[in-house]
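Containing PDB, C-alpha atoms: data-v9.pdb.
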```
ATOM      1  CA  MET A 581     -16.787  18.104  18.582
ATOM      2  CA  ALA A 582     -13.279  16.643  18.287
ATOM      3  CA  LYS A 583     -12.983  12.870  18.442
ATOM      4  CA  LYS A 584     -11.030  11.526  21.423
ATOM      5  CA  VAL A 585      -8.703   8.732  20.362
ATOM      6  CA  ALA A 586      -6.675   6.375  22.526
ATOM      7  CA  VAL A 587      -3.269   5.362  21.148
ATOM      8  CA  ILE A 588      -1.879   2.277  22.878
ATOM      9  CA  LEU A 589       1.906   1.987  22.889
ATOM     10  CA  ALA A 590       4.132  -0.968  23.753
ATOM     11  CA  GLY A 591       7.498   0.596  24.485
ATOM     12  CA  CYS A 592       9.838   2.608  22.268
ATOM     13  CA  GLY A 593      11.759   0.929  19.452
ATOM     14  CA  VAL A 594      10.823  -1.428  16.641
ATOM     15  CA  PHE A 595      12.514  -4.578  17.957
ATOM     16  CA  ASP A 596      11.324  -4.496  21.573
ATOM     17  CA  GLY A 597       8.608  -1.810  21.711
ATOM     18  CA  SER A 598       6.388   0.312  19.495
ATOM     19  CA  GLU A 599       7.659   1.145  16.001
ATOM     20  CA  ILE A 600       8.594   4.806  16.359
ATOM     21  CA  TYR A 601       7.765   5.883  12.799
ATOM     22  CA  GLU A 602       4.372   4.156  12.949
ATOM     23  CA  GLY A 603       3.595   5.755  16.287
ATOM     24  CA  THR A 604       4.708   9.194  15.118
ATOM     25  CA  ILE A 605       2.786   9.029  11.837
ATOM     26  CA  THR A 606      -0.335   7.929  13.715
ATOM     27  CA  LEU A 607      -0.039  10.828  16.163
ATOM     28  CA  LEU A 608       0.691  13.318  13.354
ATOM     29  CA  ARG A 609      -2.319  12.262  11.280
ATOM     30  CA  LEU A 610      -4.591  12.425  14.329
ATOM     31  CA  ASP A 611      -3.300  15.900  15.145
ATOM     32  CA  GLU A 612      -3.830  17.042  11.554
ATOM     33  CA  ALA A 613      -7.436  15.873  11.891
ATOM     34  CA  ASP A 614      -7.796  17.893  15.124
ATOM     35  CA  ALA A 615      -8.499  14.753  17.129
ATOM     36  CA  GLU A 616      -7.894  14.762  20.871
ATOM     37  CA  VAL A 617      -5.303  12.083  21.632
ATOM     38  CA  GLN A 618      -4.380  10.188  24.781
ATOM     39  CA  CYS A 619      -1.408   7.833  24.695
ATOM     40  CA  MET A 620      -1.428   4.908  27.117
ATOM     41  CA  ALA A 621       0.588   1.769  27.798
ATOM     42  CA  PRO A 622       0.611  -1.096  30.305
ATOM     43  CA  ASN A 623       2.762  -0.589  33.399
ATOM     44  CA  ILE A 624       4.713  -3.848  33.022
ATOM     45  CA  PRO A 625       8.305  -4.962  32.350
ATOM     46  CA  GLN A 626       9.336  -5.390  28.719
ATOM     47  CA  MET A 627       9.869  -8.964  27.563
ATOM     48  CA  HIS A 628      13.498  -8.006  26.931
ATOM     49  CA  VAL A 629      15.671  -5.106  25.772
ATOM     50  CA  LEU A 630      17.500  -5.225  22.449
ATOM     51  CA  ASP A 631      20.402  -3.189  21.117
ATOM     52  CA  HIS A 632      18.854  -1.713  17.975
ATOM     53  CA  ARG A 633      22.272  -1.466  16.305
ATOM     54  CA  ASN A 634      22.779  -5.224  16.122
ATOM     55  CA  GLY A 635      19.672  -6.944  17.521
ATOM     56  CA  GLU A 636      21.564  -8.386  20.482
ATOM     57  CA  GLU A 637      19.826  -8.726  23.848
ATOM     58  CA  MET A 638      21.009  -6.370  26.559
ATOM     59  CA  GLN A 639      21.340  -7.341  30.204
ATOM     60  CA  GLU A 640      18.903  -4.795  31.599
ATOM     61  CA  SER A 641      15.212  -4.390  32.340
ATOM     62  CA  ARG A 642      12.912  -1.631  31.149
ATOM     63  CA  ASN A 643       9.289  -0.738  31.829
ATOM     64  CA  VAL A 644       6.786  -0.550  28.951
ATOM     65  CA  LEU A 645       4.979   2.521  30.326
ATOM     66  CA  VAL A 646       8.214   4.382  31.054
ATOM     67  CA  GLU A 647       9.645   3.592  27.617
ATOM     68  CA  SER A 648       6.375   4.509  25.868
ATOM     69  CA  ALA A 649       6.509   7.886  27.583
ATOM     70  CA  ARG A 650       9.585   8.640  25.442
ATOM     71  CA  LEU A 651       7.476   8.307  22.301
ATOM     72  CA  ALA A 652       4.550  10.209  23.838
ATOM     73  CA  ARG A 653       6.754  13.087  25.056
ATOM     74  CA  GLY A 654       5.670  12.277  28.596
ATOM     75  CA  GLU A 655       1.949  12.710  27.916
ATOM     76  CA  ILE A 656       0.833   9.192  28.785
ATOM     77  CA  ILE A 657      -1.325   7.250  31.254
ATOM     78  CA  ASP A 658      -1.329   3.723  32.626
ATOM     79  CA  LEU A 659      -3.555   1.534  30.455
ATOM     80  CA  ALA A 660      -5.008   0.037  33.638
ATOM     81  CA  ASP A 661      -6.533   3.433  34.462
ATOM     82  CA  ALA A 662      -8.120   3.989  31.032
ATOM     83  CA  ASP A 663     -11.906   3.716  30.647
ATOM     84  CA  PRO A 664     -13.218   2.776  27.160
ATOM     85  CA  ALA A 665     -16.265   4.948  27.807
ATOM     86  CA  ASP A 666     -14.047   8.045  27.651
ATOM     87  CA  TYR A 667     -12.879   7.472  24.070
ATOM     88  CA  ASP A 668     -14.344   7.430  20.568
ATOM     89  CA  ALA A 669     -11.722   5.155  18.973
ATOM     90  CA  VAL A 670      -8.440   3.361  19.629
ATOM     91  CA  ILE A 671      -5.385   2.831  17.422
ATOM     92  CA  VAL A 672      -2.460   0.495  18.138
ATOM     93  CA  PRO A 673       0.802   1.084  16.236
ATOM     94  CA  GLY A 674       2.970  -1.924  15.453
ATOM     95  CA  GLY A 675       6.515  -2.868  16.328
ATOM     96  CA  PHE A 676       7.608  -6.066  18.044
ATOM     97  CA  GLY A 677       6.357  -4.653  21.365
ATOM     98  CA  ALA A 678       2.846  -5.562  20.230
ATOM     99  CA  ALA A 679       4.002  -9.172  19.851
ATOM    100  CA  LYS A 680       6.261  -9.206  22.922
ATOM    101  CA  ASN A 681       4.783  -6.822  25.501
ATOM    102  CA  LEU A 682       1.085  -6.459  24.641
ATOM    103  CA  SER A 683       0.971 -10.160  23.771
ATOM    104  CA  SER A 684       3.224 -13.208  23.613
ATOM    105  CA  PHE A 685       2.683 -13.722  19.875
ATOM    106  CA  ALA A 686       6.416 -13.497  19.100
ATOM    107  CA  VAL A 687       7.042 -16.530  21.322
ATOM    108  CA  ASP A 688       3.771 -18.467  21.329
ATOM    109  CA  GLY A 689       2.230 -17.751  17.928
ATOM    110  CA  PRO A 690      -1.450 -18.810  17.770
ATOM    111  CA  GLY A 691      -1.253 -19.964  21.399
ATOM    112  CA  MET A 692      -0.379 -16.475  22.587
ATOM    113  CA  SER A 693      -1.678 -14.729  25.667
ATOM    114  CA  ILE A 694      -2.599 -11.029  25.634
ATOM    115  CA  ASN A 695      -2.123  -8.450  28.384
ATOM    116  CA  GLU A 696      -5.308  -8.337  30.476
ATOM    117  CA  ASP A 697      -5.573  -4.539  30.547
ATOM    118  CA  PHE A 698      -5.141  -4.418  26.772
ATOM    119  CA  VAL A 699      -7.893  -7.008  26.275
ATOM    120  CA  ARG A 700     -10.200  -5.189  28.699
ATOM    121  CA  PHE A 701      -9.752  -1.858  26.955
ATOM    122  CA  VAL A 702      -9.929  -2.985  23.317
ATOM    123  CA  GLN A 703     -12.828  -5.370  23.886
ATOM    124  CA  GLY A 704     -14.545  -2.642  25.891
ATOM    125  CA  MET A 705     -14.265  -0.313  22.906
ATOM    126  CA  HIS A 706     -15.579  -3.048  20.619
ATOM    127  CA  GLN A 707     -18.529  -3.785  22.899
ATOM    128  CA  GLN A 708     -19.445  -0.095  22.750
ATOM    129  CA  ASN A 709     -19.376  -0.252  18.921
ATOM    130  CA  LYS A 710     -16.337   2.009  18.669
ATOM    131  CA  PRO A 711     -13.711   1.587  15.921
ATOM    132  CA  VAL A 712     -10.328  -0.041  16.440
ATOM    133  CA  GLY A 713      -7.257   0.479  14.253
ATOM    134  CA  LEU A 714      -4.427  -2.080  14.333
ATOM    135  CA  VAL A 715      -1.164  -1.385  12.500
ATOM    136  CA  CYS A 716       1.636  -3.663  11.249
ATOM    137  CA  ILE A 717       1.964  -6.779  13.473
ATOM    138  CA  SER A 718      -0.805  -5.668  15.864
ATOM    139  CA  PRO A 719      -3.563  -7.300  13.747
ATOM    140  CA  ALA A 720      -2.117 -10.698  14.711
ATOM    141  CA  MET A 721      -4.083 -10.242  17.944
ATOM    142  CA  ALA A 722      -7.387  -9.641  16.134
ATOM    143  CA  PRO A 723      -8.804 -13.197  16.326
ATOM    144  CA  LYS A 724      -8.198 -13.301  20.089
ATOM    145  CA  LEU A 725      -9.760  -9.867  20.535
ATOM    146  CA  PHE A 726     -12.727 -10.074  18.161
ATOM    147  CA  GLY A 727     -13.349 -13.804  17.753
ATOM    148  CA  GLU A 728     -13.458 -16.161  14.811
ATOM    149  CA  GLY A 729     -14.272 -14.741  11.406
ATOM    150  CA  VAL A 730     -12.706 -11.330  12.025
ATOM    151  CA  LYS A 731     -11.161  -9.872   8.878
ATOM    152  CA  CYS A 732      -7.723  -8.252   9.047
ATOM    153  CA  THR A 733      -4.421  -7.886   7.215
ATOM    154  CA  LEU A 734      -0.727  -8.274   7.876
ATOM    155  CA  GLY A 735       0.127  -7.680   4.230
ATOM    156  CA  SER A 736       1.108 -10.891   2.452
ATOM    157  CA  SER A 737      -1.090 -13.938   2.972
ATOM    158  CA  GLU A 738       2.045 -16.084   2.613
ATOM    159  CA  ALA A 739       3.655 -14.635   5.742
ATOM    160  CA  ASP A 740       3.841 -16.856   8.828
ATOM    161  CA  ALA A 741       1.954 -14.253  10.862
ATOM    162  CA  ALA A 742      -0.905 -14.294   8.336
ATOM    163  CA  LYS A 743      -1.061 -18.078   8.543
ATOM    164  CA  ALA A 744      -1.207 -17.787  12.333
ATOM    165  CA  VAL A 745      -4.206 -15.463  12.013
ATOM    166  CA  GLU A 746      -5.965 -18.086   9.905
ATOM    167  CA  ALA A 747      -5.042 -20.799  12.429
ATOM    168  CA  MET A 748      -6.759 -18.747  15.153
ATOM    169  CA  GLY A 749      -9.945 -18.493  13.108
ATOM    170  CA  GLY A 750      -9.406 -15.086  11.552
ATOM    171  CA  GLN A 751      -9.822 -14.213   7.876
ATOM    172  CA  HIS A 752      -6.574 -12.820   6.542
ATOM    173  CA  GLN A 753      -6.867 -10.471   3.587
ATOM    174  CA  ALA A 754      -3.826  -9.696   1.431
ATOM    175  CA  CYS A 755      -3.247  -5.958   1.278
ATOM    176  CA  ALA A 756      -0.807  -3.570  -0.397
ATOM    177  CA  VAL A 757       1.401  -1.453   1.842
ATOM    178  CA  ASP A 758      -0.506   1.731   0.968
ATOM    179  CA  GLU A 759      -3.984   0.283   1.513
ATOM    180  CA  ILE A 760      -6.215  -0.763   4.408
ATOM    181  CA  CYS A 761      -8.424  -3.710   5.259
ATOM    182  CA  VAL A 762     -11.800  -2.830   6.755
ATOM    183  CA  ASP A 763     -14.006  -5.233   8.700
ATOM    184  CA  GLU A 764     -17.218  -3.206   8.780
ATOM    185  CA  ALA A 765     -19.040  -5.649  11.063
ATOM    186  CA  ASN A 766     -16.371  -5.377  13.764
ATOM    187  CA  LYS A 767     -15.413  -1.750  13.041
ATOM    188  CA  LEU A 768     -11.816  -2.917  12.690
ATOM    189  CA  VAL A 769      -9.314  -1.214  10.362
ATOM    190  CA  THR A 770      -5.871  -2.719   9.697
ATOM    191  CA  THR A 771      -2.872  -1.868   7.492
ATOM    192  CA  PRO A 772       0.478  -3.612   6.851
ATOM    193  CA  ALA A 773       2.829  -0.637   7.410
ATOM    194  CA  TYR A 774       6.311  -2.036   8.111
ATOM    195  CA  MET A 775       5.188  -5.609   7.562
ATOM    196  CA  LEU A 776       5.696  -4.588   3.917
ATOM    197  CA  ALA A 777       7.117  -1.053   3.890
ATOM    198  CA  GLY A 778      10.667  -0.481   2.769
ATOM    199  CA  ARG A 779      10.633   3.225   3.561
ATOM    200  CA  ILE A 780       8.752   5.614   5.806
ATOM    201  CA  ARG A 781       6.583   7.136   3.055
ATOM    202  CA  GLU A 782       5.208   3.693   2.210
ATOM    203  CA  ALA A 783       4.214   3.089   5.822
ATOM    204  CA  SER A 784       2.742   6.588   5.994
ATOM    205  CA  ALA A 785       0.385   6.013   3.063
ATOM    206  CA  GLY A 786      -1.462   3.114   4.695
ATOM    207  CA  ILE A 787      -1.448   4.597   8.191
ATOM    208  CA  THR A 788      -2.911   7.829   6.822
ATOM    209  CA  LYS A 789      -5.815   5.913   5.299
ATOM    210  CA  LEU A 790      -6.279   3.910   8.507
ATOM    211  CA  VAL A 791      -6.493   7.044  10.660
ATOM    212  CA  GLN A 792      -8.940   8.649   8.230
ATOM    213  CA  LYS A 793     -11.161   5.559   8.211
ATOM    214  CA  VAL A 794     -11.094   5.111  11.994
ATOM    215  CA  LEU A 795     -12.115   8.755  12.498
ATOM    216  CA  GLU A 796     -14.847   8.399   9.850
ATOM    217  CA  MET A 797     -16.252   5.356  11.702
ATOM    218  CA  ALA A 798     -16.059   7.013  15.126
TER
END
```
Encoding of this model in structure tokens:
Amino acid sequence: MAKKVAVILAGCGVFDGSEIYEGTITLLRLDEADAEVQCMAPNIPQMHVLDHRNGEEMQESRNVLVESARLARGEIIDLADADPADYDAVIVPGGFGAAKNLSSFAVDGPGMSINEDFVRFVQGMHQQNKPVGLVCISPAMAPKLFGEGVKCTLGSSEADAAKAVEAMGGQHQACAVDEICVDEANKLVTTPAYMLAGRIREASAGITKLVQKVLEMA
């Protein structure tokens, strides 16, 4: 029977939403593995909207669910309506949306808050002993989601985000761009992707291994 995997998005665009390459590679690898996929996102306003040509803030408001639907080709549901019992695994691509829309990590660092529906769903999966995959900056939320001692990676242990993970009680593990970090006890798989990648094929290598491992654990 095909595994049913939830993919949680946080908008559309690296600087204010989900990283499009990471999201696309994740969806491609899941499809190649014949997994059944359901994209979902919280129905909330984005923290802000950035012009991806120059990084400047734009004077407009966008909705995370509506923007995520662009990446999901319209096949998406409200995260608030998702039941962890219906899925075998969950994967969260990176992009600043994970640190701005799913959480406030970009602003508050270790003191961040996390979207309540996101916490409910991911912790619900964890409580049911189902695997979770976090990509790029998304693992910064791991200590808040899984508790002290959780093992994860953001790539370099010298990065500020890695130090924030340690400050929250997590165990940061240095990891090459084409590798994964596996916390067997928590069924958590993480990979640096564009925290380290300089090109799409480098991000693809680690994400491919993450998807394979998450499906193996499901």
Practice task
Might you spell out which residues the PyMOL selection byres ((chain A and resi 600) around 10) would select in the displayed file, as a ChimeraX atom specification?
Solution key: /A:589,591-594,597-599,601-606,648,650-651,673-675
Handout entry: Residue neighbourhood A:Gln753, 7 Å, all atoms listed in the file, exclusion window fewer than 3 positions, as a PyMOL selection string
Key = chain A and resi 731-733+737
Practice task
Using the chain letters and numbers from the file, give me the residues hit by the PyMOL selection byres ((chain A and resi 745) around 12), as JSON, numbers by chain.
Solution key: {"A": [685, 689, 690, 691, 692, 717, 718, 719, 720, 721, 722, 723, 724, 725, 726, 727, 728, 729, 730, 731, 732, 733, 734, 735, 736, 737, 738, 739, 740, 741, 742, 743, 744, 746, 747, 748, 749, 750, 751, 752, 753]}
Centre and edge lengths, as AutoDock Vina command-line options, for the axis-aligned box enclosing every listed atom of stretch 603-612 of chain A with 6 Å of padding on each of the six sides, in Å to one decimal?
```
--center_x 0.1 --center_y 11.4 --center_z 13.8 --size_x 21.3 --size_y 23.3 --size_z 17.0
```
Problem - Nearest-residue call for A:Gly677, choices A:Ala590, A:Leu610, A:Ile760, A:Ala754, using all atoms listed in the file - result: A:Ala590
I'd like a table as a Markdown table: residues in stretch 690-731 of chain A with an atom no more than 12 Å from stretch 624-634 of chain A, each row giving the shortest atom pair and its distance in Å to one decimal, all atoms listed in the file counted, sorted by chain and rising residue number.
```
| residue | atom | partner | partner_atom | distance |
| --- | --- | --- | --- | --- |
| A:Asn695 | CA | A:Ile624 | CA | 9.5 |
| A:Glu696 | CA | A:Ile624 | CA | 11.3 |
| A:Asp697 | CA | A:Ile624 | CA | 10.6 |
| A:Phe698 | CA | A:Ile624 | CA | 11.7 |
```
Practice task
Determine the residue membership of the PyMOL selection byres ((chain A and resi 654-667) around 8) for the file above and supply it as number ranges by chain.
Solution key: A: 583-586, 588, 618-623, 645, 648-653, 668-670, 697-698, 701-702, 704-705, 708
Exercise for the section: Find the distance between atom CA of A:Asp614 and atom CA of A:Val646 and write it in Å to one decimal. Expected result: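 Atom CA of A:Val646 lies 26.3 Å from atom CA of A:Asp614.
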Handout entry: Straight-line distance linking atom CA of A:Asp596 with atom CA of A:Glu759, stated in Å to one decimal
Key =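 If I compute the distance from atom CA of A:Asp596 to atom CA of A:Glu759, I get 25.7 Å.
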Practice task
Using only C-alpha atoms, find the one residue out of A:Pro772, A:Cys716, A:Met581, A:Arg779 that sits nearest to A:Phe676.
Solution key: A:Cys716
Practice task
Kindly give the distance, in Å, that separates atom CA of A:Ala582 and atom CA of A:Asn709, rounded to a single decimal.
Solution key: 18.0 Å
Problem - Nearest candidate to A:Ala678 (options A:Cys761, A:Leu768, A:Arg700, A:Val715; using all atoms listed in the file) - result: A:Val715
Problem - From A:Glu782, A:Glu647, A:Glu616, A:Glu764, residue lying nearest A:Val712 [all atoms listed in the file] - result: A:Glu764
